[in-house]
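I have placed the structure first, in the form of structure tokens, so that the comments after it can refer back to it.
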Amino acid sequence: MIQKAARSAASVKDGAVDLELAGLQSVELWDLDHPKLYDVAVRLGSDEYTTRIGFREAHFTPAGFRINGKPLKLRGLNRHQTFPYVGGAMPARVQRRDAQVLRQELHCNIARTSHYPNSRHFLDACDELGLLVFEEIPGWQHIGDRAWQDIAVANVGEMVRRDWNHASIVLWGVRINESPDNHDFYTRTNALAHSLDDSRQTGGVRTFATSELLEDVFTRNDFGFPLVAPNHPLYLNTEFNGHMYSTKHVDNVEHVTEHVLRHARVHNQLAGDDRYAGGIAWCAFDYNTHANFGSGDRICYHGVSDIFRIPKKAAMFYKSQCDPAEEVVLEAAFNWSNGDRPGAGGPGKVAFCSNCDHLKIYLGDKLVKEVDPDRATYANLKYPPFVTQLQVVALEAWRDLKIEGYIGGKLVATRTLSGAGVDAELKVEPDDTELVANGSDATRVVLRVTDQFGNVQQFASGAVTLAVTGPAEIVGENPFGIVGGVGAIWLKAKDAAGAVRLTAKHQYLGTKTVDFRVKAAPAELV
């Protein structure tokens, strides 16, 4: 929501500009649920500069985080700005899409730009969507010599000056992520951030509790469980889980369920103690890495979503932590399979992520169990996961699994998982079907192999052959090898306008087509 600001008067004295705004008697505050933005245009002679601002108050306090005076427990994910095939070189539409995934699909309220300032297009979308941001300077663990440190200090200034008008940013990260203490260096970075912007607090992410605190907020990565108690009045957990429990779509039901519950356990502890401002889990999306990290294929599978931004089961925990008035969520945090765990008798311990207050579980048409949220284990969560045991002793009794979600005794959601174990359909799902003919605009196209109810077939594979007609090209593999039932490519527009058709042919599930429109780009100003 954007509104043009009223005209103002300005005066210049000793190089400083004082602005007197008129006509803003009823300023609306920027908030997560109401991210009100104003356009500000500044003219000096024939030159004009336009930016957007929001009016809001954001502070970390000894009793947690406050936005416009209201308490808010922070619940978010770290974002690496890397994509398959191209690294970080994605256009505005794709950068903005990550903010949409985090805020609208996973219902996070904060993101951390690990470990460098992110695209301005991502930040613009955070402003518009009401997604808070903890932004930090470039670096990871290493501190160099004085000349190196001078560059890092300059990075602080560049970050603050570029991004200080973003209403979404509530914390400046002025420390090299996971680096050792360095009193003189971090005194400089912290002082510069404060001198340039006295309206925001500073933080600096470290791994050890005895680290010297020079910033305003003690921001720390804590991968243990239970988490250590806060040792400073202003305290934010900035990484947990992640590489401690790498997870892939093809992992078995026990591993997938544990991944979900590890995220739930940490957020339950954070929610039960006001001294924690909240937590930002490691991490949102899997990412490429160097040879001696990750899982042996130069990919870190630390995300709650994969490298294509396709959610794993743990993402469903985050999705479920919203008010049902915003979205009713009912997701099985497991795949319905009989032999995918040691022992016999079905999947055993399973979890459901939902903001319903009661579930009914059917095997075929037979009601076999009713389940309430596990409030004994997750007493501090408003929407705890549902955890239960499912046993099917006789193989001939195996059927479709149907789950009904109820709120206040009323049926509000239904989910059915196939018992057949058969790949039923290839789905081809673009994020957008209209692009701009500028030679760089792009959109993701997700490929899914599903059962007859639309659920991803966890162990589905097979090659998908892609073809494009019209002014666009594929960014990605072709043929595309499906792994874990899912994958994605990006479709990039060329410089000409026109109609585009993408054809996807699976080796045994047939062919799907999707039509796109590439519209003419606005004329460039020269």
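Ligands are numbered from 1 in the order shown, residues from 1 within each chain, and chains are lettered A, B, ... in the order they appear in the structure tokens.
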
What are the DSSP strand (DSSP E or B) residues of stretch 362-447 of chain A, as a PyMOL selection string?
-> chain A and resi 362-363+366-371+386-390+401-407+410-417+425-430+434-437+442-447

Sort by chain and increasing residue number a table of all residues of stretch 136-214 of chain A within 10 Å of stretch 233-252 of chain A, each with its closest pair of atoms and their distance in Å to one decimal, counting only C-alpha atoms, and write it as JSON lines.
```
{"residue": "A:Gly203", "atom": "CA", "partner": "A:Leu236", "partner_atom": "CA", "distance": 9.0}
{"residue": "A:Gly204", "atom": "CA", "partner": "A:Thr238", "partner_atom": "CA", "distance": 9.7}
{"residue": "A:Val205", "atom": "CA", "partner": "A:Thr238", "partner_atom": "CA", "distance": 7.1}
{"residue": "A:Arg206", "atom": "CA", "partner": "A:Thr238", "partner_atom": "CA", "distance": 8.9}
{"residue": "A:Thr207", "atom": "CA", "partner": "A:Glu239", "partner_atom": "CA", "distance": 9.2}
```

Would you write out those residues with N, CA, C and O atoms, as a PDB file, in the first residue's frame?
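Generated file (out16.pdb):
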```pdb
ATOM      1  N   GLY A 203      23.270  -5.262  15.745  1.00  0.00           N
ATOM      2  CA  GLY A 203      23.565  -6.601  16.237  1.00  0.00           C
ATOM      3  C   GLY A 203      24.786  -7.124  15.511  1.00  0.00           C
ATOM      4  O   GLY A 203      25.251  -6.530  14.533  1.00  0.00           O
ATOM      5  N   GLY A 204      25.319  -8.241  15.988  1.00  0.00           N
ATOM      6  CA  GLY A 204      26.466  -8.861  15.334  1.00  0.00           C
ATOM      7  C   GLY A 204      26.478 -10.331  15.663  1.00  0.00           C
ATOM      8  O   GLY A 204      26.552 -10.723  16.837  1.00  0.00           O
ATOM      9  N   VAL A 205      26.392 -11.175  14.659  1.00  0.00           N
ATOM     10  CA  VAL A 205      26.131 -12.592  14.902  1.00  0.00           C
ATOM     11  C   VAL A 205      27.415 -13.326  15.277  1.00  0.00           C
ATOM     12  O   VAL A 205      28.394 -13.318  14.539  1.00  0.00           O
ATOM     13  N   ARG A 206      27.373 -13.978  16.431  1.00  0.00           N
ATOM     14  CA  ARG A 206      28.487 -14.774  16.930  1.00  0.00           C
ATOM     15  C   ARG A 206      27.997 -16.171  17.308  1.00  0.00           C
ATOM     16  O   ARG A 206      26.797 -16.445  17.322  1.00  0.00           O
ATOM     17  N   THR A 207      28.962 -17.033  17.652  1.00  0.00           N
ATOM     18  CA  THR A 207      28.608 -18.412  17.992  1.00  0.00           C
ATOM     19  C   THR A 207      28.819 -18.742  19.456  1.00  0.00           C
ATOM     20  O   THR A 207      28.389 -19.801  19.907  1.00  0.00           O
TER      21      THR A 207
END
```

Could you tell me how far atom CA of A:Lys319 lies from atom CA of A:Val483, in Å and to one decimal?
->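 That distance, rounded to one decimal, is 23.5 Å.
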
If we count only C-alpha atoms, what is near A:Ala271 at a cut-off of 10 Å, once residues fewer than 3 positions away on the same chain are taken out, given as a ChimeraX atom specification?
-> /A:73-75,265-268,274-279,378-382

Spatial neighbours of stretch 512-521 of chain A, 10 Å, only C-alpha atoms, chain gap at least 6 places, as JSON, numbers by chain | {"A": [425, 426, 427, 428, 429, 430, 432, 433, 434, 435, 436, 437, 438, 439, 441, 445, 466, 467, 468, 469, 470, 471, 472, 491, 492, 493, 494, 495, 496, 497, 498, 499, 500, 501, 502, 503, 504, 505, 506]}

Using only C-alpha atoms, find each residue in stretch 78-129 of chain A having at least one atom no more than 10 Å away from stretch 134-146 of chain A; report its shortest atom-to-atom pair and that distance in Å (one decimal), rows by chain then rising number, as a tab-separated table.
```
residue	atom	partner	partner_atom	distance
A:Asn78	CA	A:Phe134	CA	9.3
A:Ile110	CA	A:Phe134	CA	7.4
A:Ala111	CA	A:Phe134	CA	6.3
A:Arg112	CA	A:Phe134	CA	4.6
A:Thr113	CA	A:Glu135	CA	5.1
A:Ser114	CA	A:Glu136	CA	6.9
A:His115	CA	A:Pro138	CA	5.5
A:Tyr116	CA	A:Pro138	CA	4.0
A:Pro117	CA	A:Glu136	CA	5.9
A:Asn118	CA	A:Glu135	CA	7.8
A:Leu123	CA	A:Glu135	CA	9.7
```

Shell of 9 Å around stretch 406-417 of chain A, only C-alpha atoms, local chain residues under 6 positions omitted, as a CSV table (one decimal) with all heavy atoms, in the first residue's frame:
```csv
chain,number,residue,atom,x,y,z
A,324,PRO,N,-6.0,-18.9,11.6
A,324,PRO,CA,-6.8,-19.5,10.5
A,324,PRO,C,-7.6,-18.5,9.7
A,324,PRO,O,-8.0,-18.8,8.6
A,324,PRO,CB,-7.8,-20.4,11.3
A,324,PRO,CG,-7.0,-20.7,12.6
A,324,PRO,CD,-6.2,-19.5,12.9
A,328,VAL,N,-6.3,-21.4,6.5
A,328,VAL,CA,-6.4,-22.7,7.3
A,328,VAL,C,-5.4,-23.6,6.7
A,328,VAL,O,-5.3,-23.9,5.5
A,328,VAL,CB,-7.8,-23.2,7.1
A,328,VAL,CG1,-7.9,-24.6,7.8
A,328,VAL,CG2,-8.9,-22.3,7.7
A,329,VAL,N,-4.6,-24.2,7.6
A,329,VAL,CA,-3.5,-25.0,7.2
A,329,VAL,C,-3.7,-26.4,7.7
A,329,VAL,O,-3.9,-26.6,8.9
A,329,VAL,CB,-2.1,-24.5,7.7
A,329,VAL,CG1,-1.0,-25.4,7.3
A,329,VAL,CG2,-1.9,-23.1,7.1
A,330,LEU,N,-3.6,-27.4,6.9
A,330,LEU,CA,-3.6,-28.8,7.3
A,330,LEU,C,-2.7,-29.6,6.4
A,330,LEU,O,-2.9,-29.8,5.2
A,330,LEU,CB,-5.0,-29.4,7.2
A,330,LEU,CG,-5.2,-30.9,7.4
A,330,LEU,CD1,-4.7,-31.2,8.8
A,330,LEU,CD2,-6.7,-31.3,7.3
A,331,GLU,N,-1.5,-29.9,6.9
A,331,GLU,CA,-0.5,-30.6,6.2
A,331,GLU,C,0.0,-31.8,6.9
A,331,GLU,O,0.3,-31.7,8.1
A,331,GLU,CB,0.7,-29.7,5.9
A,331,GLU,CG,0.3,-28.4,5.1
A,331,GLU,CD,0.1,-28.7,3.6
A,331,GLU,OE1,0.4,-29.8,3.2
A,331,GLU,OE2,-0.3,-27.8,2.9
A,332,ALA,N,0.2,-32.9,6.2
A,332,ALA,CA,0.8,-34.1,6.8
A,332,ALA,C,2.3,-33.9,6.7
A,332,ALA,O,2.9,-33.7,5.7
A,332,ALA,CB,0.4,-35.4,6.1
A,335,ASN,N,5.2,-38.8,4.5
A,335,ASN,CA,4.7,-39.4,3.3
A,335,ASN,C,4.0,-40.8,3.7
A,335,ASN,O,4.6,-41.5,4.6
A,335,ASN,CB,5.8,-39.7,2.3
A,335,ASN,CG,6.3,-38.3,1.8
A,335,ASN,OD1,5.7,-37.7,0.9
A,335,ASN,ND2,7.5,-37.9,2.3
A,336,TRP,N,2.9,-41.0,3.2
A,336,TRP,CA,2.1,-42.2,3.6
A,336,TRP,C,2.6,-43.4,2.9
A,336,TRP,O,2.3,-43.8,1.8
A,336,TRP,CB,0.6,-41.9,3.1
A,336,TRP,CG,-0.4,-43.0,3.5
A,336,TRP,CD1,-1.3,-43.6,2.7
A,336,TRP,CD2,-0.6,-43.5,4.8
A,336,TRP,NE1,-2.1,-44.5,3.3
A,336,TRP,CE2,-1.7,-44.4,4.7
A,336,TRP,CE3,0.0,-43.3,6.1
A,336,TRP,CZ2,-2.2,-45.2,5.8
A,336,TRP,CZ3,-0.5,-44.1,7.1
A,336,TRP,CH2,-1.6,-45.0,7.0
A,355,ASN,N,-3.2,-25.4,12.0
A,355,ASN,CA,-3.8,-24.5,12.9
A,355,ASN,C,-5.2,-24.8,13.2
A,355,ASN,O,-5.9,-23.9,13.8
A,355,ASN,CB,-3.6,-23.0,12.4
A,355,ASN,CG,-4.1,-22.8,11.0
A,355,ASN,OD1,-4.8,-23.7,10.4
A,355,ASN,ND2,-3.7,-21.7,10.4
A,356,CYS,N,-5.7,-26.0,12.9
A,356,CYS,CA,-6.9,-26.5,13.4
A,356,CYS,C,-6.8,-26.9,14.9
A,356,CYS,O,-5.7,-27.0,15.4
A,356,CYS,CB,-7.4,-27.7,12.6
A,356,CYS,SG,-7.7,-27.3,10.8
A,357,ASP,N,-8.0,-27.1,15.5
A,357,ASP,CA,-7.9,-27.5,16.9
A,357,ASP,C,-8.3,-29.0,17.2
A,357,ASP,O,-8.2,-29.5,18.3
A,357,ASP,CB,-8.8,-26.6,17.8
A,357,ASP,CG,-10.2,-26.5,17.3
A,357,ASP,OD1,-10.8,-27.6,16.9
A,357,ASP,OD2,-10.8,-25.4,17.4
A,358,HIS,N,-8.6,-29.7,16.1
A,358,HIS,CA,-8.9,-31.1,16.2
A,358,HIS,C,-8.8,-31.8,14.9
A,358,HIS,O,-9.2,-31.2,13.8
A,358,HIS,CB,-10.3,-31.3,16.8
A,358,HIS,CG,-10.7,-32.7,17.1
A,358,HIS,ND1,-10.2,-33.4,18.1
A,358,HIS,CD2,-11.6,-33.6,16.5
A,358,HIS,CE1,-10.7,-34.6,18.2
A,358,HIS,NE2,-11.5,-34.8,17.2
A,359,LEU,N,-8.3,-33.0,14.8
A,359,LEU,CA,-8.2,-33.8,13.6
A,359,LEU,C,-8.9,-35.1,13.7
A,359,LEU,O,-8.9,-35.7,14.8
A,359,LEU,CB,-6.7,-34.0,13.2
A,359,LEU,CG,-5.8,-32.9,13.0
A,359,LEU,CD1,-4.4,-33.4,12.6
A,359,LEU,CD2,-6.3,-31.9,12.0
A,360,LYS,N,-9.6,-35.5,12.6
A,360,LYS,CA,-10.1,-36.9,12.5
A,360,LYS,C,-9.3,-37.6,11.4
A,360,LYS,O,-9.2,-37.0,10.3
A,360,LYS,CB,-11.6,-36.9,12.2
A,360,LYS,CG,-12.4,-36.4,13.4
A,360,LYS,CD,-13.9,-36.4,13.0
A,360,LYS,CE,-14.8,-35.9,14.2
A,360,LYS,NZ,-16.2,-36.0,13.9
A,400,ASP,N,-6.2,-45.5,1.4
A,400,ASP,CA,-5.9,-44.0,1.4
A,400,ASP,C,-6.1,-43.5,2.8
A,400,ASP,O,-6.9,-44.0,3.6
A,400,ASP,CB,-6.9,-43.3,0.5
A,400,ASP,CG,-6.8,-43.7,-1.0
A,400,ASP,OD1,-5.7,-44.2,-1.3
A,400,ASP,OD2,-7.7,-43.4,-1.7
A,451,ASP,N,0.4,-37.9,-6.7
A,451,ASP,CA,-0.6,-38.9,-6.7
A,451,ASP,C,-1.9,-38.4,-7.2
A,451,ASP,O,-1.9,-37.2,-7.6
A,451,ASP,CB,-0.7,-39.5,-5.3
A,451,ASP,CG,-1.2,-38.5,-4.2
A,451,ASP,OD1,-1.8,-37.5,-4.6
A,451,ASP,OD2,-1.0,-38.8,-3.0
A,452,GLN,N,-2.9,-39.1,-7.1
A,452,GLN,CA,-4.2,-38.7,-7.7
A,452,GLN,C,-4.9,-37.6,-6.9
A,452,GLN,O,-5.8,-37.0,-7.3
A,452,GLN,CB,-5.2,-39.9,-7.8
A,452,GLN,CG,-5.7,-40.5,-6.5
A,452,GLN,CD,-4.9,-41.6,-6.0
A,452,GLN,OE1,-3.7,-41.6,-6.1
A,452,GLN,NE2,-5.6,-42.6,-5.4
A,453,PHE,N,-4.3,-37.3,-5.7
A,453,PHE,CA,-4.9,-36.2,-4.8
A,453,PHE,C,-4.0,-35.0,-4.9
A,453,PHE,O,-4.3,-34.0,-4.1
A,453,PHE,CB,-5.0,-36.7,-3.4
A,453,PHE,CG,-5.9,-37.9,-3.3
A,453,PHE,CD1,-5.4,-39.2,-2.9
A,453,PHE,CD2,-7.3,-37.9,-3.5
A,453,PHE,CE1,-6.2,-40.3,-2.8
A,453,PHE,CE2,-8.1,-39.0,-3.4
A,453,PHE,CZ,-7.5,-40.2,-3.1
A,454,GLY,N,-3.0,-34.9,-5.7
A,454,GLY,CA,-2.2,-33.8,-5.8
A,454,GLY,C,-1.0,-33.7,-4.9
A,454,GLY,O,-0.2,-32.7,-4.9
A,455,ASN,N,-0.7,-34.7,-4.1
A,455,ASN,CA,0.4,-34.8,-3.2
A,455,ASN,C,1.7,-35.2,-4.0
A,455,ASN,O,1.6,-36.1,-4.8
A,455,ASN,CB,0.2,-35.7,-2.0
A,455,ASN,CG,-1.1,-35.4,-1.3
A,455,ASN,OD1,-1.2,-34.4,-0.6
A,455,ASN,ND2,-2.1,-36.3,-1.4
```

Test item, helix (DSSP H, G or I) assignment across stretch 145-367 of chain A, answer as a PyMOL selection string = chain A and resi 146-163+183-196+242-245+253-271+313-319

Choose the residue, out of A:Gly272, A:Pro62, A:Gly462, A:Pro35, that has the smallest atom-to-atom separation from A:Ser168; count only C-alpha atoms.
->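 Comparing A:Gly272, A:Pro62, A:Gly462, A:Pro35 against A:Ser168, the winner is A:Pro35.
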
Nearest to A:Leu509 by atom-to-atom distance, counting only C-alpha atoms, from A:Asp163, A:Glu258, A:Asp423, A:Glu327 =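 Ranking A:Asp163, A:Glu258, A:Asp423, A:Glu327 by distance to A:Leu509, first place goes to A:Asp423.
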
Neighbours of A:Thr50 within 12 Å (only C-alpha atoms; same-chain residues fewer than 6 positions away dropped), as a ChimeraX atom specification?
-> /A:4-5,38-44,165

Saved selection, atoms kept: C-alpha atoms, as a PDB file, in the first residue's frame:
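Written out: result.pdb:
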```
ATOM      1  CA  LYS A   4       2.342   9.929  -2.196  1.00  0.00           C
ATOM      2  CA  ALA A   5       3.438  12.271   0.544  1.00  0.00           C
ATOM      3  CA  TYR A  38       4.720   6.652   1.272  1.00  0.00           C
ATOM      4  CA  ASP A  39       6.463   7.922  -1.850  1.00  0.00           C
ATOM      5  CA  VAL A  40       8.899  10.768  -1.214  1.00  0.00           C
ATOM      6  CA  ALA A  41      10.193  12.828  -4.153  1.00  0.00           C
ATOM      7  CA  VAL A  42      13.005  15.344  -3.691  1.00  0.00           C
ATOM      8  CA  ARG A  43      13.731  17.870  -6.433  1.00  0.00           C
ATOM      9  CA  LEU A  44      16.765  20.113  -6.706  1.00  0.00           C
ATOM     10  CA  ASN A 165      14.775   4.067   3.874  1.00  0.00           C
TER      11      ASN A 165
END
```

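Shortest atom-to-atom contact with A:Ile307 among A:Asp273, A:Asp286, A:Glu326, A:Asp216: A:Asp286, counting only C-alpha atoms.
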